[in-house]
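Notes follow the structure.
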Amino acid sequence: MTLTRREFLRRLGAFAGAWAGLSQLGEPVLRFLRARQIRWPWYRPEEIRVTYNYCDMCMWRCGMRVYSVNGRVVKVEGNPKDPKSRGRLCGRGQAAVAHLYDPDRLRKPLIRTGERGTWSFREATWEEALDRAAEALARLRDQYGPESVAWFAHTTGDFWFGDYLPLAFGSPNVGKPSTGLCLTPREIAAQITFGRGVGGHEPVDWENTRYIVLIGNHIGENAHNTVMQDFARALARGAKLVVVDPRYSTAAMKAHRWLPIKPGTDTALLLAWMNVLITEGLYDREYIEKYTIGFERLAEHIQPFTPEWAAPITELPAEVIREVAREMAAHRPRAVVPPGRHVVWYGNDTQRMRALFILNVLLGNIGRPGGFYIPRAPALDPYPHPPFPVEVAAGGCGAAAAGLKIPDTPGHPPRADGVGSKFATGPVVIQELIEPMITGQPYPIRGLVVYGVNLFHSIPNVPRTIEALKRLEFVLAIDVLPQEHLAWADIILPEATFLERYDELWVASHRTPYIALREPAVEPLPDTRPGWWIARELGMRLGLADYFAWSDIEEYLNTRLMSVGLSLEKLREAEGIFTWSGKPYLEDYGEGETPFPTPSGKIEIYSEALARAGFDPLPVYEPVEEPPPGYFRLLYGRHPLHTFGKTQNNPWLAEVYPENEVWINEEAAAALGLKTGDRVILENQDGVRSGPVRVRATPRIRKDAVYLVHGFGHRGSRLSRAEGRGASDNMLITRYRLDPISGGAGMRVNFVRLIREV
Amino acid sequence: MARLAMLIDLSRCLGCQACVIACKAGREIPPGERWIEIREVVVGRFPELRGAFVPHRCFHCAEAACVQVCPTRALYKKDGFTVVDFERCTGCGYCAEVCPFGVPRIMDGRVSKCASCLDLVQMGWEPWCVQTCPAGALQCGPREEILTEARTRVAALRDRYPNAQIYGETQMGGLGVILILTEPPEVLGLPPQPQMPPLALWKGGAQPLSLGALVLSVITSGIAFFIARRRHLEENGARKGSEPITPASETRKE
């Protein structure tokens, strides 16, 4: 091939550009990239500086010790004092160093110069970028009201952009993916039943349990550190395990029984188990009498739901259903059916979660050893600030509106997500804030601030999201990595990673309430800034100085810590963690003191509140739509080395698990003439197609479903490792069924067919 | 230090691969290279399946083929582990050739395999993989204690896993990594009786022999040279009458 002059110059230019880009990365990144030398022996202890942090590689927030040598982070480890990590970390946590030194990181504030979605940006100074962003936000606020700006936030810095700044700004439209796209139905079901949410860390008393039933709960693939630790130890102590899942998951590999249930029929199974417990008199009578109301109605309601009724629905043998119920009962109260996470499946999820909770109640395990403990949160005062103009309605994983009442702020417009019309209650659901951006109903959302949420890998119906992005007047993105949705922003602000910044304290509701410190291990990479600093600078420019009365973050943290007699210094001396004692069991609560703050002060098996709102007061099973011939139900889940759509570019994690595969039953694959390693395109019921993805023909999944690991298939990003690798489940989730109670987006209602790539 | 060993309990492993990344991070292993790999093994037909996560990593054989064949002694045994001196390794690849488990690789002109975390153990820490394992599937300690623990665990596991067994007690002279298996080794892709490959045996025997032959030939040629030189000098001396050279100065010259 001859090299033309033009081509030569082009290549030379590309090379020079790459070289200039590399040389701008800074010494620590370059050293990370060039590392060729095995570190053996390791550093001498006197060379190492230890700082404390809580992990941000997923949202679990494990306490970590960060080891730095000469201004470079060389290793992180679990903090032995931390109640979550207990000195251990998962693979993602271990890869925090590679996140910090990812050469693809955003390095300069960027201002859009061309069409949205085309990655046309110019570099700008912080001064200019902040001024312009604040100006745009102020204009929308002054012209259309603060509610015209939506705020989407996730990851552990979301306090600043999902809680504090938007509330000071005055917008009720603050969405986190952890609600409507994950936990909302579970939290609302728990609120209704127990008067309290489950909380971010499921309070399963693994230590004392003897019998575990997991339903679609992927422990091991879902690598929440503490849960893996507790689960493995529970099994090692001899606890029995039943796994209900259409797929032979990691957890199923460890199970005594695997029940390959037909997808979408879990509520039928739960009802049948209740039927056996009640009709055979195996439930905890004393507990039901003392702590609950509405049992008689349940006993009546449950009559028709025999194992024989459930068997053809679930495609599980009636005898097995009966046996498992009896085994559960034999181990009660040390038998537990954990609620799991990401419960937005079929749009009837609040009712399914209610069924699951009531089953646990029949086992008498709430607040009892071997069942669920009762978590408590430390009581730290907030930094003093003027009252927010709007109520805190967004909430994170754990927060939910009490009962079925939505907090209203008089004099302020209601939320735009359709609560009260599309669905009944709960925190703001992020996916319902997209519609108002397009239709202007109930009122237009014209601006968006997006922090750490990948819009195209978390919110279903991507074409709709793109349509909304086209219409918005202003989009501000704050992120660490050049994820694809950033191409649609007007201004991009590059944040420092969690290892380079202070942050809000982690105030954990737990068996033992505790707080954890995040402090910088090293200086931020040049021209990246901590989230708290960005929020404060924007706040000052938006005329919200009263909310940012502190001059720096250390003063902010010290003031909060003072309310519990601590300081940054003392928290550091305590190795980054401070723990209080909890009240985990019912016996820790005195007479007249209830851990169940429902209207009745008891566990509400029958819910008057639901009945009044026009919903089934006791859970019922409703069939879900079946895949049409030739199509499979699209299921999705996690890989232990990846978190959502945010870690696929991590140099170490991408090396070990660079792309996902589509799991399909080996017989179903053979019928299609497909075998492991073949490349296919997935096409969903709406004709939307994925990128090419490899087939994994396996006996580990039912014939009616296929499975993808979530978070892959990045298209249009500037992520050099993740771009174009694998297929995106979220791109194929063009429809969802809204849970009419909680507003959760049931996403397992999409069907795909496999087309061989030619 | 006593003979050490690691314990890997497959009944506990959840396949999360924290060990893989902890190892890569702690040892600062360059891109493209890993010392631990976790293999997912599932056998049976839907819905009667069994499975486990099987580590593929250096098992630190007591009679280590790689150590036998290493021409530069970059690989050597210490406290039960097969340690690597990366400075000495020339990347010849003999170790990769002979390992009955197919573990070592040649990367970047040198061997790539677990060098153990003996440096950390000596500091009173644990190997990176052991330290981080969320499932608590890994341990490190004196080999005798590890074996005792393994026996206790296997006995307790028989109920749940009828095929539970210890692997590595005797293989290759006793492995430095004791595995608790939930299935027979052949099901999990492990050789039930790994053998010292002929090449290693040959090298093991041939190397000392050839070294002996080398030394012998050096000595004989030295003697031959000495005799020849003396005769040569004598002839020269007779011709020119110059002073004979002392043996000491002769050695210096060489």
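By convention here, the chains of the structure tokens are called A, B, ... in the order presented, each chain's residues are numbered starting at 1, and ligands are numbered starting at 1 in the order presented.
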Where does chain B meet chain A within 6 Å, residue by residue, with the nearest atom pair and distance in Å to one decimal for each, counting only C-alpha atoms, listed by chain and rising number, as a tab-separated table?
```
residue	atom	partner	partner_atom	distance
B:Arg12	CA	A:Ala232	CA	5.8
B:Leu14	CA	A:Gly220	CA	5.2
B:Cys16	CA	A:Pro640	CA	5.1
B:Gln17	CA	A:Gly91	CA	5.8
B:Ala18	CA	A:Gly91	CA	3.6
B:Ile21	CA	A:Gly91	CA	5.4
B:Ala22	CA	A:Gln94	CA	5.5
B:Arg27	CA	A:Arg39	CA	4.7
B:Glu28	CA	A:Arg39	CA	5.5
B:Ile29	CA	A:Ile38	CA	5.5
B:Pro30	CA	A:Arg36	CA	5.2
B:Arg45	CA	A:Pro699	CA	6.0
B:Phe46	CA	A:Pro699	CA	5.1
B:Gly51	CA	A:Met253	CA	5.5
B:Asp119	CA	A:Pro41	CA	5.5
B:Thr132	CA	A:Arg88	CA	4.3
B:Pro134	CA	A:Gln229	CA	4.9
B:Ala135	CA	A:Gln229	CA	4.8
```
Export N, CA, C and O atoms of the chosen residues as a CSV table (one decimal), in the first residue's frame?
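Dumped everything to again18.csv:
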```csv
chain,number,residue,atom,x,y,z
B,12,ARG,N,-16.5,-22.7,49.4
B,12,ARG,CA,-16.8,-21.3,49.8
B,12,ARG,C,-16.7,-20.3,48.7
B,12,ARG,O,-17.3,-19.2,48.7
B,14,LEU,N,-17.1,-17.9,45.8
B,14,LEU,CA,-18.2,-17.4,45.1
B,14,LEU,C,-17.9,-16.9,43.7
B,14,LEU,O,-18.7,-16.3,43.0
B,16,CYS,N,-16.0,-14.4,42.8
B,16,CYS,CA,-16.1,-13.0,42.6
B,16,CYS,C,-14.9,-12.4,42.0
B,16,CYS,O,-14.9,-11.2,41.5
B,17,GLN,N,-13.8,-13.1,42.0
B,17,GLN,CA,-12.5,-12.7,41.4
B,17,GLN,C,-11.8,-11.5,42.1
B,17,GLN,O,-11.0,-10.8,41.5
B,18,ALA,N,-12.2,-11.3,43.3
B,18,ALA,CA,-11.5,-10.2,44.1
B,18,ALA,C,-10.0,-10.6,44.2
B,18,ALA,O,-9.2,-9.7,44.1
B,21,ILE,N,-8.0,-9.5,41.1
B,21,ILE,CA,-7.6,-8.0,41.0
B,21,ILE,C,-6.7,-7.6,42.1
B,21,ILE,O,-5.8,-6.8,41.9
B,22,ALA,N,-6.9,-8.2,43.3
B,22,ALA,CA,-6.1,-7.8,44.5
B,22,ALA,C,-4.6,-8.2,44.1
B,22,ALA,O,-3.7,-7.4,44.4
B,27,ARG,N,0.7,-6.6,43.3
B,27,ARG,CA,2.0,-6.9,42.7
B,27,ARG,C,2.4,-6.1,41.6
B,27,ARG,O,3.4,-6.2,40.9
B,28,GLU,N,1.5,-5.1,41.3
B,28,GLU,CA,1.6,-4.2,40.2
B,28,GLU,C,2.0,-4.9,38.9
B,28,GLU,O,2.9,-4.6,38.2
B,29,ILE,N,1.2,-5.9,38.6
B,29,ILE,CA,1.4,-6.7,37.4
B,29,ILE,C,1.0,-5.9,36.2
B,29,ILE,O,-0.1,-5.4,36.1
B,30,PRO,N,1.9,-5.9,35.2
B,30,PRO,CA,1.6,-5.1,34.0
B,30,PRO,C,0.3,-5.5,33.2
B,30,PRO,O,-0.1,-6.7,33.4
B,45,ARG,N,-27.0,-31.8,33.1
B,45,ARG,CA,-28.0,-31.3,32.2
B,45,ARG,C,-29.1,-30.6,32.9
B,45,ARG,O,-29.4,-31.0,34.0
B,46,PHE,N,-29.6,-29.6,32.3
B,46,PHE,CA,-30.7,-28.8,32.9
B,46,PHE,C,-31.8,-29.7,33.4
B,46,PHE,O,-32.2,-30.6,32.6
B,51,GLY,N,-21.8,-27.3,40.0
B,51,GLY,CA,-20.7,-26.4,39.5
B,51,GLY,C,-19.8,-25.9,40.6
B,51,GLY,O,-20.1,-26.1,41.8
B,119,ASP,N,7.0,-12.0,50.9
B,119,ASP,CA,7.4,-10.7,51.4
B,119,ASP,C,6.4,-10.1,52.4
B,119,ASP,O,6.8,-9.6,53.5
B,132,THR,N,-8.0,-10.3,50.9
B,132,THR,CA,-9.2,-9.7,50.5
B,132,THR,C,-10.4,-10.6,50.3
B,132,THR,O,-11.5,-10.1,50.3
B,134,PRO,N,-13.6,-12.0,50.0
B,134,PRO,CA,-14.8,-11.7,50.8
B,134,PRO,C,-15.4,-13.0,51.3
B,134,PRO,O,-16.0,-13.0,52.4
B,135,ALA,N,-15.3,-14.1,50.6
B,135,ALA,CA,-16.0,-15.3,51.0
B,135,ALA,C,-15.2,-16.1,52.1
B,135,ALA,O,-15.6,-17.1,52.6
```
Near Asn660 (chain A), counting only C-alpha atoms, which residues have an atom at most 7 Å away, once you skip same-chain residues fewer than 4 positions from it, shown as a PyMOL selection string? chain A and resi 708-709+712+726-727
Surrounding residues of Lys77 (chain B) excluding itself and chain neighbours under 5 positions, 9 Å, only C-alpha atoms, as a PyMOL selection string: chain B and resi 60+62+64+67+82-84
Go ahead and write the selection's residues with N, CA, C and O atoms as a short mmCIF file (atom, residue, chain, number, x, y, z; two decimals), in the first residue's frame.
```cif
data_model
loop_
_atom_site.label_atom_id
_atom_site.label_comp_id
_atom_site.auth_asym_id
_atom_site.auth_seq_id
_atom_site.Cartn_x
_atom_site.Cartn_y
_atom_site.Cartn_z
N HIS B 60 2.38 -24.17 43.59
CA HIS B 60 3.58 -24.25 44.44
C HIS B 60 3.95 -25.69 44.81
O HIS B 60 4.05 -26.04 45.99
N ALA B 62 5.85 -29.01 45.72
CA ALA B 62 7.09 -29.23 46.48
C ALA B 62 8.18 -29.72 45.53
O ALA B 62 9.31 -29.25 45.57
N ALA B 64 8.90 -29.23 42.23
CA ALA B 64 8.42 -28.34 41.19
C ALA B 64 9.20 -28.53 39.90
O ALA B 64 10.42 -28.32 39.88
N VAL B 67 11.13 -25.43 38.80
CA VAL B 67 12.38 -25.16 39.53
C VAL B 67 13.48 -26.08 38.99
O VAL B 67 14.62 -25.66 38.80
N THR B 82 7.02 -21.48 45.61
CA THR B 82 7.91 -21.38 44.47
C THR B 82 8.07 -19.90 44.14
O THR B 82 7.17 -19.28 43.59
N VAL B 83 9.20 -19.36 44.54
CA VAL B 83 9.42 -17.92 44.46
C VAL B 83 10.13 -17.60 43.15
O VAL B 83 10.75 -18.46 42.54
N VAL B 84 9.99 -16.36 42.70
CA VAL B 84 10.60 -15.94 41.45
C VAL B 84 11.54 -14.78 41.69
O VAL B 84 11.17 -13.81 42.36
#
```
Find the residues near region 96-106 of chain B: any atom within 9 Å, counting only C-alpha atoms, skip ones fewer than 3 places away on the same chain, and give them as a list in words. Glu33, Trp35, His56, Arg57, Cys58, Phe59, Ala64, Ala65, Cys66, Val69, Gly91, Cys92, Gly93, Gly109, Arg110, Val111, Ser112, Lys113, Cys114, Leu190, Pro191, Pro194, Gln195, Met196, Pro197, Pro198, Leu199 and Ala200 of chain B
Same residues, C-alpha atoms, saved as a short mmCIF file (atom, residue, chain, number, x, y, z; two decimals), in the first residue's frame:
```
data_model
loop_
_atom_site.label_atom_id
_atom_site.label_comp_id
_atom_site.auth_asym_id
_atom_site.auth_seq_id
_atom_site.Cartn_x
_atom_site.Cartn_y
_atom_site.Cartn_z
CA GLU B 33 -0.91 -10.33 32.66
CA TRP B 35 -1.37 -14.61 38.12
CA HIS B 56 -5.98 -21.69 37.86
CA ARG B 57 -2.78 -20.42 39.41
CA CYS B 58 0.61 -21.62 40.61
CA PHE B 59 0.04 -24.46 43.05
CA ALA B 64 8.42 -28.34 41.19
CA ALA B 65 9.15 -29.14 37.56
CA CYS B 66 9.70 -25.44 36.86
CA VAL B 69 14.41 -26.98 34.71
CA GLY B 91 12.51 -15.75 29.64
CA CYS B 92 13.73 -19.06 28.21
CA GLY B 93 10.29 -20.61 28.75
CA GLY B 109 10.67 -11.51 28.20
CA ARG B 110 10.28 -13.04 31.63
CA VAL B 111 8.19 -15.57 33.46
CA SER B 112 4.72 -14.61 34.66
CA LYS B 113 3.35 -16.65 37.53
CA CYS B 114 2.50 -16.24 41.20
CA LEU B 190 -7.56 -30.77 37.47
CA PRO B 191 -5.17 -33.66 36.76
CA PRO B 194 -0.05 -34.72 37.80
CA GLN B 195 3.27 -36.10 36.64
CA MET B 196 6.71 -34.65 36.47
CA PRO B 197 7.09 -34.37 32.68
CA PRO B 198 9.91 -36.37 31.02
CA LEU B 199 11.62 -33.16 30.00
CA ALA B 200 11.89 -32.07 33.63
#
```
Could you pull the residues within 8 Å of region 189-205 of chain A, counting only C-alpha atoms, minus those fewer than 4 positions along the same chain, as a PyMOL selection string? chain A and resi 60+185+209+336+338-340+350-351+353-354+357+369-375+397-400+402-404+509-511+596-599+602-605+607+609
Selection to disk with N, CA and C atoms, as an mmCIF file, in the first residue's frame:
```cif
data_model
loop_
_atom_site.group_PDB
_atom_site.id
_atom_site.type_symbol
_atom_site.label_atom_id
_atom_site.label_comp_id
_atom_site.auth_asym_id
_atom_site.auth_seq_id
_atom_site.Cartn_x
_atom_site.Cartn_y
_atom_site.Cartn_z
ATOM 1 N N TRP A 60 -22.116 0.373 47.563
ATOM 2 C CA TRP A 60 -22.211 -0.314 48.845
ATOM 3 C C TRP A 60 -21.452 0.411 49.949
ATOM 4 N N PRO A 185 -40.106 -0.308 44.757
ATOM 5 C CA PRO A 185 -41.208 -1.196 45.172
ATOM 6 C C PRO A 185 -40.926 -1.895 46.508
ATOM 7 N N THR A 209 -28.737 -17.286 60.770
ATOM 8 C CA THR A 209 -29.780 -17.953 60.000
ATOM 9 C C THR A 209 -29.394 -19.399 59.688
ATOM 10 N N VAL A 336 -35.006 -17.396 56.463
ATOM 11 C CA VAL A 336 -35.164 -16.037 55.956
ATOM 12 C C VAL A 336 -35.286 -16.035 54.436
ATOM 13 N N PRO A 338 -34.573 -13.280 51.961
ATOM 14 C CA PRO A 338 -34.106 -11.905 51.777
ATOM 15 C C PRO A 338 -34.804 -11.238 50.598
ATOM 16 N N PRO A 339 -35.058 -9.934 50.717
ATOM 17 C CA PRO A 339 -35.821 -9.245 49.673
ATOM 18 C C PRO A 339 -35.019 -8.965 48.405
ATOM 19 N N GLY A 340 -33.699 -9.043 48.480
ATOM 20 C CA GLY A 340 -32.896 -8.765 47.291
ATOM 21 C C GLY A 340 -32.894 -7.294 46.944
ATOM 22 N N THR A 350 -44.450 -4.016 43.851
ATOM 23 C CA THR A 350 -44.754 -3.709 45.250
ATOM 24 C C THR A 350 -45.549 -4.859 45.858
ATOM 25 N N GLN A 351 -46.477 -5.394 45.082
ATOM 26 C CA GLN A 351 -47.274 -6.515 45.590
ATOM 27 C C GLN A 351 -46.414 -7.764 45.795
ATOM 28 N N MET A 353 -43.262 -7.802 46.533
ATOM 29 C CA MET A 353 -42.447 -7.574 47.720
ATOM 30 C C MET A 353 -43.285 -7.666 48.991
ATOM 31 N N ARG A 354 -44.520 -7.223 48.910
ATOM 32 C CA ARG A 354 -45.429 -7.385 50.060
ATOM 33 C C ARG A 354 -45.591 -8.878 50.370
ATOM 34 N N PHE A 357 -42.503 -10.105 52.081
ATOM 35 C CA PHE A 357 -42.402 -9.667 53.483
ATOM 36 C C PHE A 357 -43.375 -10.432 54.372
ATOM 37 N N PRO A 369 -33.347 -13.177 65.850
ATOM 38 C CA PRO A 369 -32.078 -13.749 65.364
ATOM 39 C C PRO A 369 -32.324 -14.768 64.248
ATOM 40 N N GLY A 370 -31.529 -14.671 63.203
ATOM 41 C CA GLY A 370 -31.661 -15.600 62.094
ATOM 42 C C GLY A 370 -32.638 -15.136 61.032
ATOM 43 N N GLY A 371 -33.312 -14.004 61.291
ATOM 44 C CA GLY A 371 -34.237 -13.447 60.314
ATOM 45 C C GLY A 371 -33.720 -12.103 59.847
ATOM 46 N N PHE A 372 -34.408 -11.053 60.273
ATOM 47 C CA PHE A 372 -33.969 -9.692 59.953
ATOM 48 C C PHE A 372 -33.682 -8.945 61.249
ATOM 49 N N TYR A 373 -32.564 -8.290 61.310
ATOM 50 C CA TYR A 373 -32.342 -7.409 62.463
ATOM 51 C C TYR A 373 -32.966 -6.050 62.144
ATOM 52 N N ILE A 374 -33.008 -5.189 63.147
ATOM 53 C CA ILE A 374 -33.589 -3.855 62.951
ATOM 54 C C ILE A 374 -32.435 -2.849 62.961
ATOM 55 N N PRO A 375 -32.174 -2.225 61.796
ATOM 56 C CA PRO A 375 -31.025 -1.320 61.726
ATOM 57 C C PRO A 375 -31.335 0.043 62.353
ATOM 58 N N CYS A 397 -31.389 5.156 48.043
ATOM 59 C CA CYS A 397 -31.844 3.773 48.038
ATOM 60 C C CYS A 397 -32.897 3.543 49.103
ATOM 61 N N GLY A 398 -32.656 4.072 50.274
ATOM 62 C CA GLY A 398 -33.477 3.697 51.412
ATOM 63 C C GLY A 398 -34.665 4.600 51.647
ATOM 64 N N ALA A 399 -34.582 5.840 51.182
ATOM 65 C CA ALA A 399 -35.607 6.804 51.553
ATOM 66 C C ALA A 399 -36.903 6.551 50.808
ATOM 67 N N ALA A 400 -37.989 6.721 51.467
ATOM 68 C CA ALA A 400 -39.287 6.608 50.811
ATOM 69 C C ALA A 400 -40.262 7.454 51.584
ATOM 70 N N ALA A 402 -43.410 8.396 53.648
ATOM 71 C CA ALA A 402 -44.088 7.591 54.662
ATOM 72 C C ALA A 402 -45.454 7.148 54.161
ATOM 73 N N GLY A 403 -45.729 5.891 54.348
ATOM 74 C CA GLY A 403 -47.037 5.366 53.983
ATOM 75 C C GLY A 403 -47.385 5.679 52.547
ATOM 76 N N LEU A 404 -48.574 6.160 52.346
ATOM 77 C CA LEU A 404 -48.981 6.486 50.989
ATOM 78 C C LEU A 404 -49.123 7.994 50.800
ATOM 79 N N SER A 509 -26.970 3.511 58.272
ATOM 80 C CA SER A 509 -27.968 2.791 59.048
ATOM 81 C C SER A 509 -27.560 1.321 59.002
ATOM 82 N N HIS A 510 -27.365 0.729 60.172
ATOM 83 C CA HIS A 510 -26.736 -0.582 60.209
ATOM 84 C C HIS A 510 -27.086 -1.289 61.512
ATOM 85 N N ARG A 511 -26.676 -2.535 61.631
ATOM 86 C CA ARG A 511 -26.841 -3.245 62.909
ATOM 87 C C ARG A 511 -26.152 -2.442 64.017
ATOM 88 N N PHE A 596 -42.051 -0.784 64.701
ATOM 89 C CA PHE A 596 -42.903 -0.778 63.511
ATOM 90 C C PHE A 596 -43.828 0.442 63.516
ATOM 91 N N PRO A 597 -43.331 1.577 63.023
ATOM 92 C CA PRO A 597 -44.149 2.791 63.100
ATOM 93 C C PRO A 597 -45.232 2.879 62.018
ATOM 94 N N THR A 598 -46.043 1.862 61.888
ATOM 95 C CA THR A 598 -47.205 1.900 60.991
ATOM 96 C C THR A 598 -48.336 2.621 61.730
ATOM 97 N N PRO A 599 -49.434 2.938 61.018
ATOM 98 C CA PRO A 599 -50.560 3.572 61.725
ATOM 99 C C PRO A 599 -51.023 2.754 62.932
ATOM 100 N N LYS A 602 -48.249 -1.863 64.453
ATOM 101 C CA LYS A 602 -47.941 -3.291 64.264
ATOM 102 C C LYS A 602 -47.599 -3.568 62.805
ATOM 103 N N ILE A 603 -47.135 -4.766 62.552
ATOM 104 C CA ILE A 603 -46.887 -5.168 61.170
ATOM 105 C C ILE A 603 -48.238 -5.325 60.484
ATOM 106 N N GLU A 604 -48.418 -4.653 59.352
ATOM 107 C CA GLU A 604 -49.735 -4.664 58.710
ATOM 108 C C GLU A 604 -49.769 -5.672 57.557
ATOM 109 N N ILE A 605 -50.252 -6.874 57.895
ATOM 110 C CA ILE A 605 -50.380 -7.909 56.865
ATOM 111 C C ILE A 605 -51.457 -7.484 55.876
ATOM 112 N N SER A 607 -53.399 -4.357 54.499
ATOM 113 C CA SER A 607 -53.127 -2.918 54.504
ATOM 114 C C SER A 607 -54.374 -2.101 54.217
ATOM 115 N N ALA A 609 -54.341 1.060 54.202
ATOM 116 C CA ALA A 609 -53.893 2.175 53.357
ATOM 117 C C ALA A 609 -54.012 1.802 51.886
#
```
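Of the residues in region 10-139 of chain B, those given helix (DSSP H, G or I) by DSSP on the backbone are Ala18, Cys19, Val20, Ile21, Ala22, Cys23, Lys24, Ala25, Gly26, Ala65, Cys66, Val67, Gln68, Val69, Tyr94, Cys95, Ala96, Glu97, Val98, Leu118, Asp119, Leu120, Val121, Gln122, Trp128, Cys129, Val130, Gln131 and Thr132 of chain B.
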Give me, as a count of residues only, all polymer residues having an atom no more than 8 Å from Ala52 (chain B), counting only C-alpha atoms and skipping those fewer than 3 positions away in the same chain. 9
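From CA of Tyr283 (chain A) back to CA of Val213 (chain A), the distance works out to 16.2 Å.
Taking CA of Thr72 (chain B) and CA of Tyr94 (chain B) as the two end points, the separation is 10.8 Å.
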Name the residues of region 467-520 of chain A that come out as strand (DSSP E) in a backbone DSSP run; write them as a list in words. Phe474, Val475, Leu476, Ala477, Ile478, Asp479, Ile491, Ile492, Leu493, Pro494, Trp506, Val507, Ala508, Tyr514, Ile515 and Ala516 of chain A
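Minimum atom-to-atom distances from B:Val121, B:Gly189, B:Arg88, B:Arg50 to Tyr161 (chain B) were compared using only C-alpha atoms, and the lowest value belongs to B:Arg50.
If you measure from each of A:Met731, A:Leu359, A:Leu538, A:Val244 to Pro333 (chain A) using only C-alpha atoms, the closest one turns out to be A:Leu359.
From CA of Ile180 (chain B) back to CA of Phe53 (chain B), the distance works out to 11.4 Å.
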Can you tell me, as number ranges by chain, what residues are no more than 7 Å from Leu380 (chain A) when counting only C-alpha atoms, ignoring any on the same chain fewer than 3 positions away? A: 560, 563-564
